[in-house]
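S.K.: One file: data21.txt (compact mmCIF, C-alpha atoms).
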```
# COMPACT_ATOMS: atom_id res chain seq x y z
CA MET A 1 0.00 0.00 0.00
CA GLN A 2 1.44 3.36 -1.07
CA GLY A 3 -0.79 5.51 1.14
CA LYS A 4 -4.18 7.17 1.08
CA ALA A 5 -5.48 9.56 -1.56
CA LEU A 6 -8.33 11.99 -1.03
CA VAL A 7 -10.70 12.26 -3.98
CA ARG A 8 -14.06 13.96 -4.51
CA ARG A 9 -16.77 12.93 -6.98
CA PRO A 10 -17.62 15.59 -9.57
CA SER A 11 -20.63 17.79 -8.99
CA GLY A 12 -23.43 17.61 -11.51
CA ARG A 13 -22.53 21.25 -12.15
CA VAL A 14 -18.92 20.47 -13.08
CA ALA A 15 -19.38 22.05 -16.52
CA GLU A 16 -19.84 25.41 -14.75
CA GLY A 17 -16.33 25.34 -13.28
CA ILE A 18 -14.22 28.49 -13.38
CA VAL A 19 -12.06 29.02 -16.48
CA THR A 20 -9.40 31.73 -16.23
CA HIS A 21 -6.70 31.28 -18.87
CA LEU A 22 -8.43 29.06 -21.45
CA GLU A 23 -11.32 29.71 -23.81
CA ARG A 24 -14.40 28.03 -22.37
CA MET A 25 -15.37 24.79 -24.09
CA PRO A 26 -18.44 22.59 -23.51
CA VAL A 27 -17.87 19.96 -20.82
CA ASP A 28 -19.73 16.65 -20.89
CA ALA A 29 -20.63 16.06 -17.23
CA GLU A 30 -21.41 12.36 -17.69
CA ARG A 31 -18.13 11.76 -19.47
CA ALA A 32 -16.33 13.68 -16.72
CA VAL A 33 -17.73 11.26 -14.14
CA ARG A 34 -16.52 8.29 -16.20
CA GLN A 35 -13.07 9.85 -16.52
CA TRP A 36 -12.98 10.54 -12.77
CA GLU A 37 -13.88 6.90 -12.08
CA GLY A 38 -11.05 5.81 -14.38
CA TYR A 39 -8.65 8.10 -12.53
CA VAL A 40 -9.70 6.70 -9.14
CA ALA A 41 -9.38 3.15 -10.48
CA ALA A 42 -5.82 3.90 -11.62
CA LEU A 43 -4.91 5.06 -8.12
CA ARG A 44 -6.35 1.92 -6.56
CA GLU A 45 -4.73 -0.39 -9.11
CA ASN A 46 -1.37 1.13 -8.19
CA GLY A 47 -1.68 0.56 -4.47
CA TRP A 48 -3.45 3.68 -3.21
CA GLU A 49 -6.39 3.54 -0.83
CA THR A 50 -8.84 6.22 -1.94
CA VAL A 51 -10.81 8.21 0.63
CA GLU A 52 -13.81 10.10 -0.74
CA VAL A 53 -14.42 13.59 0.57
CA PRO A 54 -18.21 14.13 0.75
CA PRO A 55 -19.44 15.56 -2.56
CA GLU A 56 -20.40 19.23 -2.70
CA GLU A 57 -23.09 19.59 -5.35
CA GLU A 58 -23.05 23.40 -5.25
CA ALA A 59 -19.29 23.52 -5.90
CA PRO A 60 -18.64 23.00 -9.63
CA ASP A 61 -14.86 22.94 -9.04
CA GLY A 62 -15.03 20.69 -5.98
CA VAL A 63 -13.64 17.69 -7.89
CA PHE A 64 -10.30 19.53 -7.88
CA VAL A 65 -9.83 18.48 -4.28
CA GLU A 66 -6.12 19.33 -4.23
CA ASP A 67 -6.94 23.02 -3.98
CA ALA A 68 -8.72 22.69 -0.63
CA VAL A 69 -5.96 21.26 1.59
CA VAL A 70 -2.17 20.91 1.56
CA VAL A 71 -0.50 18.19 3.60
CA TYR A 72 3.12 18.09 4.74
CA ARG A 73 4.15 15.28 7.08
CA ASP A 74 1.53 15.31 9.88
CA VAL A 75 0.27 18.86 9.22
CA ALA A 76 -2.81 19.52 7.09
CA LEU A 77 -3.19 23.16 6.10
CA LEU A 78 -6.72 24.06 5.05
CA ALA A 79 -6.61 26.39 2.09
CA ARG A 80 -8.45 29.67 1.62
CA PRO A 81 -9.02 29.66 -2.15
CA GLY A 82 -8.34 32.82 -4.07
CA ALA A 83 -11.73 32.49 -5.80
CA GLU A 84 -14.28 33.20 -3.08
CA GLU A 85 -16.88 30.88 -4.57
CA ARG A 86 -14.54 27.94 -4.02
CA ARG A 87 -14.25 28.38 -0.25
CA ARG A 88 -17.29 26.16 0.33
CA GLU A 89 -15.10 23.23 -0.77
CA VAL A 90 -12.90 23.36 2.33
CA PRO A 91 -15.13 22.17 5.23
CA GLY A 92 -15.67 18.69 3.77
CA CYS A 93 -11.90 18.23 3.46
CA GLU A 94 -11.39 19.47 7.00
CA ALA A 95 -13.67 16.79 8.43
CA VAL A 96 -11.77 14.05 6.60
CA VAL A 97 -8.23 15.12 7.52
CA ARG A 98 -9.27 15.57 11.16
CA GLU A 99 -10.65 12.05 11.17
CA LEU A 100 -7.37 10.79 9.71
CA GLY A 101 -5.46 12.29 12.63
CA TYR A 102 -3.68 15.27 11.08
CA ASP A 103 -2.60 18.38 12.95
CA VAL A 104 -5.03 20.74 11.22
CA ARG A 105 -4.17 24.40 10.56
CA ARG A 106 -5.92 26.90 8.33
CA VAL A 107 -5.10 29.90 6.19
CA GLU A 108 -6.82 32.96 7.62
CA ALA A 109 -7.85 36.22 5.94
CA PRO A 110 -6.37 38.20 4.30
CA GLY A 111 -4.29 35.22 3.14
CA THR A 112 -5.34 33.24 0.10
CA LEU A 113 -3.94 29.86 -0.90
CA ASP A 114 -4.92 27.27 -3.49
CA GLY A 115 -3.36 23.84 -3.05
CA GLY A 116 -2.63 23.70 -6.76
CA ASP A 117 -0.04 26.41 -6.17
CA VAL A 118 2.01 24.17 -3.87
CA LEU A 119 4.66 21.83 -5.28
CA LYS A 120 6.50 19.62 -2.80
CA VAL A 121 9.84 18.14 -3.84
CA GLY A 122 11.07 16.24 -0.82
CA ASP A 123 11.32 18.79 1.98
CA THR A 124 11.41 21.71 -0.46
CA VAL A 125 8.05 23.41 -0.97
CA TYR A 126 7.50 25.81 -3.87
CA VAL A 127 4.49 28.14 -3.68
CA GLY A 128 3.13 29.95 -6.72
CA GLN A 129 2.67 33.69 -6.43
CA GLY A 130 0.76 35.98 -8.75
CA GLY A 131 -2.52 34.14 -9.22
CA ARG A 132 -4.79 32.54 -6.62
CA THR A 133 -2.22 32.50 -3.79
CA ASN A 134 -1.02 35.78 -2.26
CA ALA A 135 2.00 36.75 -0.17
CA GLU A 136 0.10 36.36 3.10
CA GLY A 137 -0.96 32.86 2.09
CA LEU A 138 2.69 32.04 1.44
CA ARG A 139 3.66 33.46 4.83
CA GLN A 140 1.06 31.35 6.63
CA LEU A 141 2.08 28.19 4.77
CA ARG A 142 5.69 28.83 5.75
CA ALA A 143 4.64 29.27 9.39
CA ALA A 144 2.73 25.97 9.30
CA PHE A 145 5.30 23.81 7.49
CA GLU A 146 8.77 25.13 8.32
CA PRO A 147 8.63 23.94 11.97
CA ALA A 148 7.97 20.44 10.57
CA GLY A 149 11.11 20.58 8.43
CA ALA A 150 10.08 22.22 5.15
CA GLN A 151 12.05 24.82 3.19
CA VAL A 152 9.55 27.11 1.50
CA PHE A 153 10.13 29.28 -1.58
CA GLY A 154 7.79 31.56 -3.51
CA VAL A 155 7.94 31.38 -7.32
CA PRO A 156 6.11 33.51 -9.91
CA VAL A 157 3.00 32.30 -11.74
CA THR A 158 1.42 34.53 -14.39
CA SER A 159 0.52 32.55 -17.51
CA VAL A 160 -1.35 29.58 -16.01
CA LEU A 161 -3.90 29.06 -13.25
CA HIS A 162 -1.66 27.41 -10.65
CA LEU A 163 2.00 26.61 -10.19
CA LYS A 164 1.22 22.92 -10.78
CA SER A 165 -0.52 23.87 -14.01
CA ALA A 166 3.02 24.64 -15.18
CA VAL A 167 5.34 22.28 -13.30
CA THR A 168 5.47 19.07 -11.28
CA ALA A 169 8.41 16.86 -10.28
CA LEU A 170 9.76 13.42 -11.14
CA PRO A 171 10.78 10.92 -8.44
CA ASP A 172 14.43 12.03 -8.68
CA GLY A 173 13.46 15.63 -7.88
CA THR A 174 13.77 16.99 -11.42
CA VAL A 175 11.08 19.62 -12.00
CA ILE A 176 9.34 19.20 -15.35
CA GLY A 177 7.29 21.73 -17.27
CA TYR A 178 6.14 22.93 -20.64
CA PRO A 179 8.65 25.77 -21.19
CA GLU A 180 6.17 28.31 -22.56
CA ALA A 181 4.09 28.04 -19.37
CA VAL A 182 6.95 28.31 -16.86
CA ASP A 183 7.76 31.83 -15.67
CA ALA A 184 11.03 31.07 -13.91
CA PRO A 185 12.73 27.74 -14.75
CA SER A 186 15.80 29.03 -12.90
CA ALA A 187 13.83 28.88 -9.63
CA PHE A 188 14.36 25.11 -9.66
CA PRO A 189 17.79 23.48 -9.22
CA ARG A 190 16.98 20.93 -11.93
CA PHE A 191 14.46 21.70 -14.66
CA ARG A 192 13.58 19.72 -17.77
CA GLY A 193 11.16 20.79 -20.47
CA VAL A 194 8.52 18.46 -21.89
CA PRO A 195 7.04 18.61 -25.40
CA GLU A 196 3.33 19.01 -24.51
CA PRO A 197 1.49 21.18 -21.96
CA GLU A 198 -0.32 18.10 -20.59
CA GLY A 199 3.03 16.35 -20.11
CA ALA A 200 4.00 18.79 -17.37
CA HIS A 201 1.76 17.03 -14.86
CA VAL A 202 2.62 13.75 -13.15
CA VAL A 203 1.49 12.07 -9.96
CA LEU A 204 4.10 9.83 -8.35
CA LEU A 205 2.44 6.46 -7.80
CA GLY A 206 5.44 4.76 -6.23
CA GLY A 207 8.53 3.20 -7.74
CA SER A 208 8.95 4.32 -11.34
CA ARG A 209 5.23 4.73 -12.06
CA LEU A 210 3.90 8.12 -13.17
CA LEU A 211 0.18 8.83 -13.44
CA MET A 212 -0.24 11.29 -16.31
CA SER A 213 -2.64 12.55 -18.95
CA ALA A 214 -3.32 10.38 -21.96
CA GLY A 215 -3.15 13.64 -23.91
CA ALA A 216 0.66 13.75 -23.77
CA PRO A 217 1.99 10.75 -25.73
CA ARG A 218 5.32 12.36 -26.64
CA SER A 219 5.97 13.22 -23.00
CA ALA A 220 5.10 9.64 -22.06
CA GLU A 221 7.71 8.42 -24.55
CA LEU A 222 10.26 10.79 -23.00
CA PHE A 223 9.55 9.50 -19.51
CA ALA A 224 9.77 5.89 -20.67
CA GLU A 225 13.17 6.63 -22.22
CA MET A 226 14.22 8.03 -18.83
CA GLY A 227 13.31 4.72 -17.18
CA TYR A 228 9.89 5.63 -15.82
CA GLN A 229 6.61 3.78 -16.35
CA PRO A 230 3.84 6.10 -17.55
CA VAL A 231 0.30 5.27 -16.41
CA PRO A 232 -1.92 7.31 -18.74
CA VAL A 233 -5.50 8.29 -17.90
CA ASP A 234 -8.02 10.22 -19.98
CA ILE A 235 -8.97 13.44 -18.15
CA GLY A 236 -9.87 15.52 -21.20
CA GLU A 237 -13.08 16.97 -19.73
CA PHE A 238 -11.17 18.26 -16.69
CA GLU A 239 -8.41 19.69 -18.86
CA LYS A 240 -11.06 21.91 -20.47
CA LEU A 241 -11.48 23.40 -16.96
CA GLU A 242 -7.73 23.93 -16.44
CA GLY A 243 -7.50 20.76 -14.38
CA CYS A 244 -4.80 18.09 -14.49
CA VAL A 245 -3.90 14.78 -12.86
CA THR A 246 -2.53 16.42 -9.72
CA CYS A 247 -5.72 18.44 -9.08
CA LEU A 248 -7.97 15.41 -8.71
CA SER A 249 -6.44 13.94 -5.54
CA VAL A 250 -4.43 14.71 -2.42
CA ARG A 251 -1.85 12.00 -1.81
CA LEU A 252 -1.21 11.22 1.86
CA ARG A 253 2.00 9.30 2.34
CA GLU A 254 2.45 10.10 6.02
CA VAL A 255 -0.78 9.93 7.94
CA GLY A 256 -0.87 11.14 11.52
CA PRO A 257 -1.66 8.83 14.42
```
What would the structure in this file look like if it were written as C-alpha cells?
M.R.:
Amino acid sequence: MQGKALVRRPSGRVAEGIVTHLERMPVDAERAVRQWEGYVAALRENGWETVEVPPEEEAPDGVFVEDAVVVYRDVALLARPGAEERRREVPGCEAVVRELGYDVRRVEAPGTLDGGDVLKVGDTVYVGQGGRTNAEGLRQLRAAFEPAGAQVFGVPVTSVLHLKSAVTALPDGTVIGYPEAVDAPSAFPRFRGVPEPEGAHVVLLGGSRLLMSAGAPRSAELFAEMGYQPVPVDIGEFEKLEGCVTCLSVRLREVGP
C-alpha cells in the first residue's frame, strides 16, 4: 500500500467550473464522471487507498480536491481559495483530515492559498505567487510547514492558473514543465522541459510509475526513455477546466496517528 489519496466525486454542475486562462469549451458532465472513475481506479490499481471527501453539489470545481488542503508530514493546512466561490469546498476536506489524525491548521484572511499552487519536492516546498495565492498565504504556509522541516520558496505564476498547471516533479526531484508556461525555470535546481502542456503534470504512484494525462503521448515516450513507467489516464473533460492529474487527488504518504 502506497498511502491514502483523497478524492471527490464531480458535482453535476462540473461544466460550470471556473475558467481563467483558457477559452471556455463545452464539458460533458457524464463523461467527466466516467473519466474521474477511471482516474480513481488507476490510483487503486497502483496501491493507493482512496478516501472520498463528501461531494459538494453546489461547488462545480469541488472535484479539484487538491486546492482545498495541503499536507506536509503530519500537518494539514486548510486552504483559503483565491476564488471566493470555491471556499465552500474546504469544510468537507477538513472533516476528513481531522478524522485521519492530522494536525489541522488553516489559512486565515487576508491570506489566500490554493493547493494547486504548492509543489513539494522532498522537503522543499515551492508556492506559486501571482494568481490565486497571495504573499500572506505564502507566509502562513511557511509558518505551518517550516517547523515540521520544510524549506519554502515563492515562485512567480502569471501565464497559467496554478504553479502545478506549469510544473510538477519526477521521483528524482527533477522539476518538469512545458517551457512556454513556466515563468522562472531558474527557480528550480533541476528543470527539464517536456514537449506538450499536458506532459508537465505527473502524480508519483510509487517506484517508477507516473500517473499522467493520456493527452501527452510524446511526454510519455520521453519518460519511458528516462526509465519511468507512464500510467496514462483520460482526463480531457477536466483539462477543459484547467484541471490536471494532480488536481484530482491529495496523496497522503504520512498519515498522523
S.K.: Pick from A:Arg73, A:Arg132, A:Arg80, A:Arg44: nearest to Val160 (chain A), with only C-alpha atoms counted?
M.R.: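 Between A:Arg73, A:Arg132, A:Arg80, A:Arg44, the residue approaching Val160 (chain A) most closely is A:Arg132.
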S.K.: Would you pick out the contacts of Val245 (chain A) at 8 Å or less, using only C-alpha atoms, so that residues sharing its chain but fewer than 3 positions from it are not included, and give the list as an MDAnalysis selection string?
M.R.: chainID A and resid 201:203 211:213 235 248:249
S.K.: What are the nearest atom pairs, with distances in Å to one decimal, for all residues of region 58-83 of chain A that come at most 10 Å from region 17-35 of chain A, using only C-alpha atoms, set out by chain and rising residue number as a Markdown table?
M.R.:
```
| residue | atom | partner | partner_atom | distance |
| --- | --- | --- | --- | --- |
| A:Ala59 | CA | A:Gly17 | CA | 8.2 |
| A:Pro60 | CA | A:Gly17 | CA | 4.9 |
| A:Asp61 | CA | A:Gly17 | CA | 5.1 |
| A:Gly62 | CA | A:Gly17 | CA | 8.8 |
| A:Val63 | CA | A:Gly17 | CA | 9.7 |
| A:Phe64 | CA | A:Gly17 | CA | 10.0 |
| A:Ala83 | CA | A:Ile18 | CA | 8.9 |
```
S.K.: Find the spatial neighbours of Val125 (chain A), counting only C-alpha atoms, within a cut-off of 9 Å - ignore same-chain residues fewer than 2 positions away - and output them as a count of residues only.
M.R.: 14
S.K.: Could you build a table of the residues in region 76-195 of chain A lying no more than 12 Å from region 224-234 of chain A, giving for each the nearest pair of atoms and their separation in Å rounded to one decimal place, using all atoms listed in the file, ordered by chain and ascending residue number, as CSV?
M.R.:
```
residue,atom,partner,partner_atom,distance
A:Leu170,CA,A:Tyr228,CA,9.1
A:Pro171,CA,A:Tyr228,CA,9.1
A:Asp172,CA,A:Tyr228,CA,10.6
A:Thr174,CA,A:Met226,CA,11.6
A:Arg192,CA,A:Met226,CA,11.8
```
S.K.: If you measure from CA of Tyr178 (chain A) to CA of Leu77 (chain A), what distance in Å do you get, rounded to one decimal?
M.R.: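 We find that CA of Tyr178 (chain A) and CA of Leu77 (chain A) lie 28.3 Å from each other.
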S.K.: Which value, in Å to one decimal, gives the distance between CA of Val104 (chain A) and CA of Leu138 (chain A)?
M.R.: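 Calculated distance between CA of Val104 (chain A) and CA of Leu138 (chain A) is 16.8 Å.
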S.K.: Here is a test: counting all atoms listed in the file, which residue of A:Ala220, A:Leu113, A:Ala42, A:Ala169 is nearest to Gly82 (chain A)?
M.R.: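 Looking at the shortest contact to Gly82 (chain A), the residue is A:Leu113.
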S.K.: Residues at most 8 Å from Thr112 (chain A), counting only C-alpha atoms, excluding those fewer than 4 positions away in the same chain, as a ChimeraX atom specification?
M.R.: /A:79-82,107-108,132-134,136-137
S.K.: Rebuild region 30-45 of chain A to N, CA, C and O atoms - output it as an mmCIF file, keeping the file's coordinate frame, please.
M.R.:
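The file below, result01.cif, is the result:
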```
data_model
loop_
_atom_site.group_PDB
_atom_site.id
_atom_site.type_symbol
_atom_site.label_atom_id
_atom_site.label_comp_id
_atom_site.auth_asym_id
_atom_site.auth_seq_id
_atom_site.Cartn_x
_atom_site.Cartn_y
_atom_site.Cartn_z
ATOM 1 N N GLU A 30 -21.377 13.822 -17.838
ATOM 2 C CA GLU A 30 -21.410 12.360 -17.690
ATOM 3 C C GLU A 30 -20.064 11.758 -18.047
ATOM 4 O O GLU A 30 -19.580 10.838 -17.372
ATOM 5 N N ARG A 31 -19.450 12.267 -19.099
ATOM 6 C CA ARG A 31 -18.130 11.760 -19.470
ATOM 7 C C ARG A 31 -17.111 12.111 -18.388
ATOM 8 O O ARG A 31 -16.208 11.322 -18.103
ATOM 9 N N ALA A 32 -17.254 13.293 -17.792
ATOM 10 C CA ALA A 32 -16.330 13.680 -16.720
ATOM 11 C C ALA A 32 -16.398 12.693 -15.562
ATOM 12 O O ALA A 32 -15.367 12.330 -14.985
ATOM 13 N N VAL A 33 -17.598 12.249 -15.224
ATOM 14 C CA VAL A 33 -17.730 11.260 -14.140
ATOM 15 C C VAL A 33 -17.026 9.967 -14.520
ATOM 16 O O VAL A 33 -16.312 9.370 -13.700
ATOM 17 N N ARG A 34 -17.199 9.520 -15.762
ATOM 18 C CA ARG A 34 -16.520 8.290 -16.200
ATOM 19 C C ARG A 34 -15.004 8.454 -16.156
ATOM 20 O O ARG A 34 -14.279 7.533 -15.743
ATOM 21 N N GLN A 35 -14.513 9.618 -16.561
ATOM 22 C CA GLN A 35 -13.070 9.850 -16.520
ATOM 23 C C GLN A 35 -12.579 9.892 -15.075
ATOM 24 O O GLN A 35 -11.497 9.366 -14.761
ATOM 25 N N TRP A 36 -13.355 10.507 -14.187
ATOM 26 C CA TRP A 36 -12.980 10.540 -12.770
ATOM 27 C C TRP A 36 -12.916 9.113 -12.207
ATOM 28 O O TRP A 36 -11.975 8.766 -11.479
ATOM 29 N N GLU A 37 -13.882 8.285 -12.557
ATOM 30 C CA GLU A 37 -13.880 6.900 -12.080
ATOM 31 C C GLU A 37 -12.660 6.147 -12.600
ATOM 32 O O GLU A 37 -12.058 5.333 -11.880
ATOM 33 N N GLY A 38 -12.253 6.429 -13.843
ATOM 34 C CA GLY A 38 -11.050 5.810 -14.380
ATOM 35 C C GLY A 38 -9.796 6.270 -13.649
ATOM 36 O O GLY A 38 -8.873 5.476 -13.404
ATOM 37 N N TYR A 39 -9.773 7.546 -13.288
ATOM 38 C CA TYR A 39 -8.650 8.100 -12.530
ATOM 39 C C TYR A 39 -8.559 7.429 -11.152
ATOM 40 O O TYR A 39 -7.476 6.999 -10.721
ATOM 41 N N VAL A 40 -9.689 7.329 -10.475
ATOM 42 C CA VAL A 40 -9.700 6.700 -9.140
ATOM 43 C C VAL A 40 -9.293 5.231 -9.246
ATOM 44 O O VAL A 40 -8.533 4.723 -8.412
ATOM 45 N N ALA A 41 -9.761 4.562 -10.287
ATOM 46 C CA ALA A 41 -9.380 3.150 -10.480
ATOM 47 C C ALA A 41 -7.880 3.013 -10.675
ATOM 48 O O ALA A 41 -7.260 2.072 -10.153
ATOM 49 N N ALA A 42 -7.274 3.951 -11.406
ATOM 50 C CA ALA A 42 -5.820 3.900 -11.620
ATOM 51 C C ALA A 42 -5.071 4.056 -10.306
ATOM 52 O O ALA A 42 -4.058 3.371 -10.075
ATOM 53 N N LEU A 43 -5.536 4.930 -9.432
ATOM 54 C CA LEU A 43 -4.910 5.060 -8.120
ATOM 55 C C LEU A 43 -4.979 3.737 -7.356
ATOM 56 O O LEU A 43 -3.980 3.257 -6.814
ATOM 57 N N ARG A 44 -6.161 3.164 -7.322
ATOM 58 C CA ARG A 44 -6.350 1.920 -6.560
ATOM 59 C C ARG A 44 -5.518 0.784 -7.140
ATOM 60 O O ARG A 44 -4.915 0.001 -6.396
ATOM 61 N N GLU A 45 -5.488 0.686 -8.469
ATOM 62 C CA GLU A 45 -4.730 -0.390 -9.110
ATOM 63 C C GLU A 45 -3.230 -0.272 -8.851
ATOM 64 O O GLU A 45 -2.486 -1.256 -8.978
#
```
